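These notes concern the structure reproduced below.
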Amino acid sequence: MEALVSGGWAGRRVLVTGHTGFKGSWMSLWLHAMGADVTGFALAPPSDPSLFDAARIGDVVTHVQGDVRDLDAVRTVVAASRPEVIFHLAAQPLVRLSYAEPVETYATNVMGTVHLLDAARLVPGVRAIVCVTSDKCYENREWVWPYREGDPMGGHDPYSSSKGAAELVVSAWRRSFFADGGPLLASVRAGNVIGGGDWASDRLLPDLIRAFEAGVAPLVRAPDAVRPWQHVLEALGGYIQIAEQMLAGDARFADAWNFGPSDEDARPVSWIVARMRAAWGGNAADAVADTGPRPHEAGLLRLDCSKVRAALGWRAALSLEQALDWIVAWHRAIGDGADARAVTLAQIADYRTLSSRLVTRSAA
């Protein structure tokens with residue numbers, strides 16, 4: 001994990017799609033803190049409030065508002081920004097919304113990826129592309145074994161299916177257009193990513209925080225569902241390391257990669273609810289079951305991350321308990337009037353310190 005503390009980003013031109021979203025905002029701020037010249041391309045922030053607005057991300061990146069479904073707009077921003085590195089995070093990221101808006105979900109997640117990769121194919125100077133998909137890209141058989149990168153793509157719901165299809169797009173571009181020169185292309189598949197500043201609707205952690213702040217009982221569906229929960233900085237740190245390896249010319253990293261927590265941090269929803277309620281303290285109300293109708297969602301999902309551990313030495317620096325404490329601390333600080341950018345940068349710095357210590361212990 002030396003790459004997290006080695007620098008090398010100062011002045012580097014980077015394009016981040018989806019920079020107004022939760023993960024994209026954290027990524028953009030982290031890259032800026034390392035000295036990168038960041039251009040962001042995305043729709044308006046997907047929530048109000050949003051981390052993009054609260055941390056004033058638009059003040060530290062070149063903000064271009066646009067839609068990855070618009071091929072001409074994507075080609076224009078790639079040509080204008082002349083990136084060396086692209087992090088493709090733009091997506092329709094919600095399972096339940098994909099049932100309501102399946103056409104938009106496929107257009108964004110599949111054709112948006114096609115548009116980005118085809119635009120990058122036509123612009124010289126792009127050296128590394130990291131396409132972010134999802135742990136839900138796998139054909140989920142609801143079994144206890146974790147999924148490895150070579151397992152079949154699939155998906156019961158439109159969201160999961162669209163992410164599996166995006167992976168097939170990445171594989172095709174890698175083999176068809178980028179095999180003999182051109183940028184190195186990787187895909188990365190993270191678990192359920194959580195962190196401060198996520199105000200999305202219909203996600204467990206934001207729903208819990210809204211309920212706790214309002215002093216009402218949160219509604220929880222599927223309390224027995226098990227997910228690979230991890231802090232957003234764990235995933236983003238892995239994405240950055242993969243990009244650094246490709247920038248160094250190592251073609252082995254132009255591949256698919258899982259980033260997930262340790263096995264013991266794949267926890268059921270009910271455990272997360274209880275732990276968050278205890279961490280929030282005060283008058284946080286206990287959850288009640290959401291008995292309304294709901295479409296199918298996966299019940300059990302785990303990732304096998306042995307490949308990235310062997311190749312990079314990557315492993316989680318935060319336990320799930322610590323990750324939840326960091327989320328509570330972030331939102332408590334903002335609620336008390338702290339500056340969102342300063343709080344976010346402080347957690348990035350703390351995470352880099354923890355990661356550095358992990359490297360030192362591993363090398364000892």
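Note on naming: chains are A, B, ... as they come in the structure tokens, residues start from 1 per chain, ligands start from 1 in the order shown.
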
All residues 10 Å or closer to stretch 8-17 of chain A, only C-alpha atoms, same chain fewer than 2 positions away omitted, as a tab-separated table (two decimals) with C-alpha atoms, in the first residue's frame:
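Written output follows (out_38.tsv):
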```tsv
chain	number	residue	atom	x	y	z
A	3	ALA	CA	1.24	4.14	-3.22
A	4	LEU	CA	-1.10	5.85	-0.76
A	5	VAL	CA	1.79	7.73	0.80
A	6	SER	CA	4.15	8.06	-2.16
A	19	HIS	CA	-17.84	14.03	-9.21
A	20	THR	CA	-21.01	15.57	-7.76
A	21	GLY	CA	-22.06	12.28	-6.18
A	24	GLY	CA	-17.11	11.27	-6.59
A	25	SER	CA	-16.96	14.16	-4.11
A	27	MET	CA	-12.50	11.17	-4.69
A	28	SER	CA	-12.25	14.68	-6.15
A	31	LEU	CA	-7.09	13.94	-5.60
A	32	HIS	CA	-7.06	17.72	-5.19
A	33	ALA	CA	-5.40	17.34	-1.77
A	34	MET	CA	-2.63	15.35	-3.47
A	35	GLY	CA	-2.09	18.16	-5.99
A	36	ALA	CA	-3.92	16.76	-9.01
A	37	ASP	CA	-5.53	19.06	-11.58
A	38	VAL	CA	-9.06	17.65	-11.45
A	39	THR	CA	-11.86	18.11	-13.97
A	40	GLY	CA	-15.27	16.78	-12.99
A	41	PHE	CA	-18.11	15.86	-15.33
A	42	ALA	CA	-21.53	15.05	-13.90
A	43	LEU	CA	-25.13	15.99	-13.49
A	61	VAL	CA	-12.08	21.26	-9.40
A	62	THR	CA	-13.02	22.34	-12.90
A	63	HIS	CA	-16.73	21.62	-12.75
A	64	VAL	CA	-18.44	20.66	-16.00
A	65	GLN	CA	-22.12	19.81	-15.77
A	66	GLY	CA	-23.21	17.20	-18.24
A	67	ASP	CA	-24.71	13.77	-18.79
A	68	VAL	CA	-22.76	10.62	-19.68
A	74	VAL	CA	-18.59	13.28	-23.10
A	77	VAL	CA	-15.04	17.14	-21.92
A	78	VAL	CA	-12.49	14.38	-22.51
A	81	SER	CA	-9.48	18.21	-20.21
A	82	ARG	CA	-6.79	16.05	-21.89
A	83	PRO	CA	-6.64	13.71	-18.90
A	84	GLU	CA	-3.81	11.35	-18.12
A	85	VAL	CA	-6.10	9.44	-15.77
A	86	ILE	CA	-9.88	8.92	-15.79
A	87	PHE	CA	-11.93	7.69	-12.87
A	88	HIS	CA	-15.38	6.78	-14.20
A	89	LEU	CA	-17.82	6.94	-11.30
A	90	ALA	CA	-20.91	8.40	-13.01
A	91	ALA	CA	-23.83	6.02	-12.51
A	116	LEU	CA	-16.67	7.41	-21.85
A	126	VAL	CA	-4.90	9.07	-21.71
A	128	ALA	CA	-5.01	4.94	-17.25
A	129	ILE	CA	-8.77	4.47	-16.85
A	130	VAL	CA	-10.48	3.08	-13.76
A	131	CYS	CA	-14.15	2.16	-14.30
A	244	GLU	CA	-0.92	4.41	-9.89
A	247	LEU	CA	0.48	4.91	-14.63
```

Show which residues sit within 12 Å of A:Ala107, as an mmCIF file with C-alpha atoms, in the first residue's frame. Count only C-alpha atoms, and ignore same-chain residues fewer than 2 positions away.
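Generated file (out_30.cif):
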```cif
data_model
loop_
_atom_site.group_PDB
_atom_site.id
_atom_site.type_symbol
_atom_site.label_atom_id
_atom_site.label_comp_id
_atom_site.auth_asym_id
_atom_site.auth_seq_id
_atom_site.Cartn_x
_atom_site.Cartn_y
_atom_site.Cartn_z
ATOM 1 C CA ASP A 67 -24.706 13.770 -18.794
ATOM 2 C CA VAL A 68 -22.757 10.622 -19.682
ATOM 3 C CA ARG A 69 -25.730 9.612 -21.850
ATOM 4 C CA ASP A 70 -24.770 12.506 -24.163
ATOM 5 C CA LEU A 71 -21.961 11.190 -26.353
ATOM 6 C CA ALA A 90 -20.907 8.402 -13.011
ATOM 7 C CA ALA A 91 -23.826 6.023 -12.506
ATOM 8 C CA GLN A 92 -27.401 5.476 -11.497
ATOM 9 C CA SER A 98 -33.625 0.911 -11.148
ATOM 10 C CA GLU A 101 -36.439 3.830 -14.074
ATOM 11 C CA PRO A 102 -34.862 0.855 -15.859
ATOM 12 C CA VAL A 103 -34.265 2.629 -19.178
ATOM 13 C CA GLU A 104 -32.409 5.480 -17.482
ATOM 14 C CA THR A 105 -30.426 2.960 -15.428
ATOM 15 C CA ASN A 109 -24.607 2.611 -16.481
ATOM 16 C CA VAL A 110 -24.060 0.803 -19.775
ATOM 17 C CA MET A 111 -24.134 3.373 -22.564
ATOM 18 C CA GLY A 112 -22.524 5.970 -20.289
ATOM 19 C CA THR A 113 -19.574 3.599 -19.939
ATOM 20 C CA VAL A 114 -19.520 3.026 -23.719
ATOM 21 C CA HIS A 115 -19.489 6.782 -24.329
ATOM 22 C CA PRO A 158 -31.940 -3.764 -13.515
ATOM 23 C CA TYR A 159 -29.232 -2.033 -11.458
ATOM 24 C CA SER A 162 -26.559 -2.949 -15.769
ATOM 25 C CA LYS A 163 -23.365 -3.166 -13.721
ATOM 26 C CA ALA A 165 -23.210 -5.326 -18.564
ATOM 27 C CA ALA A 166 -20.850 -2.416 -17.894
#
```

Can you tell me which residues surround A:Asp135 at a distance of at most 8 Å, considering only C-alpha atoms, apart from same-chain residues fewer than 3 positions away, and format the answer as a list of chain:residue names?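 Within the cut-off, the hits are A:Tyr138, A:Arg189, A:Ala190, A:Gly191, A:Asn192, A:Asn258, A:Leu303.
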
Keeping only all heavy atoms, write those residues as a short mmCIF file (atom, residue, chain, number, x, y, z; two decimals), in the first residue's frame.
```
data_model
loop_
_atom_site.label_atom_id
_atom_site.label_comp_id
_atom_site.auth_asym_id
_atom_site.auth_seq_id
_atom_site.Cartn_x
_atom_site.Cartn_y
_atom_site.Cartn_z
N TYR A 138 -22.12 -9.39 -10.08
CA TYR A 138 -22.04 -10.84 -10.20
C TYR A 138 -23.42 -11.48 -10.26
O TYR A 138 -24.40 -10.95 -9.71
CB TYR A 138 -21.27 -11.43 -9.00
CG TYR A 138 -19.83 -11.00 -8.96
CD1 TYR A 138 -19.39 -10.05 -8.05
CD2 TYR A 138 -18.90 -11.55 -9.85
CE1 TYR A 138 -18.06 -9.65 -8.01
CE2 TYR A 138 -17.57 -11.16 -9.81
CZ TYR A 138 -17.16 -10.20 -8.89
OH TYR A 138 -15.85 -9.80 -8.87
N ARG A 189 -14.63 -3.20 -8.28
CA ARG A 189 -15.92 -3.62 -7.74
C ARG A 189 -15.85 -3.57 -6.23
O ARG A 189 -15.17 -4.37 -5.60
CB ARG A 189 -16.23 -5.05 -8.20
CG ARG A 189 -16.14 -5.23 -9.71
CD ARG A 189 -15.94 -6.68 -10.12
NE ARG A 189 -15.79 -6.81 -11.56
CZ ARG A 189 -15.52 -7.96 -12.18
NH1 ARG A 189 -15.35 -9.07 -11.48
NH2 ARG A 189 -15.40 -7.99 -13.49
N ALA A 190 -16.53 -2.59 -5.65
CA ALA A 190 -16.49 -2.42 -4.20
C ALA A 190 -17.78 -2.92 -3.58
O ALA A 190 -18.80 -3.08 -4.25
CB ALA A 190 -16.28 -0.95 -3.84
N GLY A 191 -17.72 -3.13 -2.28
CA GLY A 191 -18.90 -3.53 -1.53
C GLY A 191 -19.81 -2.36 -1.25
O GLY A 191 -19.77 -1.34 -1.94
N ASN A 192 -20.65 -2.47 -0.23
CA ASN A 192 -21.55 -1.39 0.14
C ASN A 192 -20.74 -0.28 0.79
O ASN A 192 -20.29 -0.39 1.93
CB ASN A 192 -22.62 -1.90 1.11
CG ASN A 192 -23.77 -2.55 0.38
OD1 ASN A 192 -23.55 -3.32 -0.57
ND2 ASN A 192 -24.99 -2.26 0.79
N ASN A 258 -11.70 -6.76 -7.08
CA ASN A 258 -12.64 -6.63 -5.96
C ASN A 258 -11.99 -5.85 -4.82
O ASN A 258 -10.81 -6.07 -4.49
CB ASN A 258 -13.02 -8.01 -5.40
CG ASN A 258 -14.01 -8.75 -6.26
OD1 ASN A 258 -14.66 -8.17 -7.12
ND2 ASN A 258 -14.13 -10.04 -6.03
N LEU A 303 -17.52 -10.59 -1.10
CA LEU A 303 -16.48 -10.49 -2.11
C LEU A 303 -15.20 -11.18 -1.65
O LEU A 303 -14.81 -11.07 -0.49
CB LEU A 303 -16.15 -9.02 -2.39
CG LEU A 303 -17.23 -8.17 -3.05
CD1 LEU A 303 -16.75 -6.73 -3.18
CD2 LEU A 303 -17.62 -8.73 -4.41
#
```

May I have the residues within 9 Å of A:Phe178 as a ChimeraX atom specification, using only C-alpha atoms and disregarding those fewer than 6 positions away in the same chain? /A:121,184-185

Filtering to N, CA and C atoms, could you give me those residues as a tab-separated table (two decimals), in the first residue's frame?
```tsv
chain	number	residue	atom	x	y	z
A	121	ARG	N	-10.80	6.63	-26.19
A	121	ARG	CA	-10.09	5.96	-27.29
A	121	ARG	C	-9.61	6.96	-28.34
A	184	LEU	N	-4.26	1.91	-20.30
A	184	LEU	CA	-4.55	0.71	-19.53
A	184	LEU	C	-5.89	0.90	-18.83
A	185	LEU	N	-6.70	-0.16	-18.84
A	185	LEU	CA	-8.09	-0.04	-18.39
A	185	LEU	C	-8.41	-1.09	-17.34
```

* Asked: Got a sec to tell me which of stretch 231-356 of chain A DSSP assigns to helix (DSSP H, G or I), as a PyMOL selection string?
  -> chain A and resi 232-247+251-253+263-265+269-280+306-312+320-335+340-356

Problem set entry | Pairwise distance for atom CA of A:Ala54 and atom CA of A:Leu236, rounded to one decimal in Å |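 For atom CA of A:Ala54 relative to atom CA of A:Leu236, the distance reads 19.7 Å.
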
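Taking atom CA of A:Leu354 and atom CA of A:Pro228 as endpoints, the distance between them is 20.6 Å.
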
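With atom CA of A:Arg148 on one side and atom CA of A:Arg352 on the other, the separation reads 27.0 Å.
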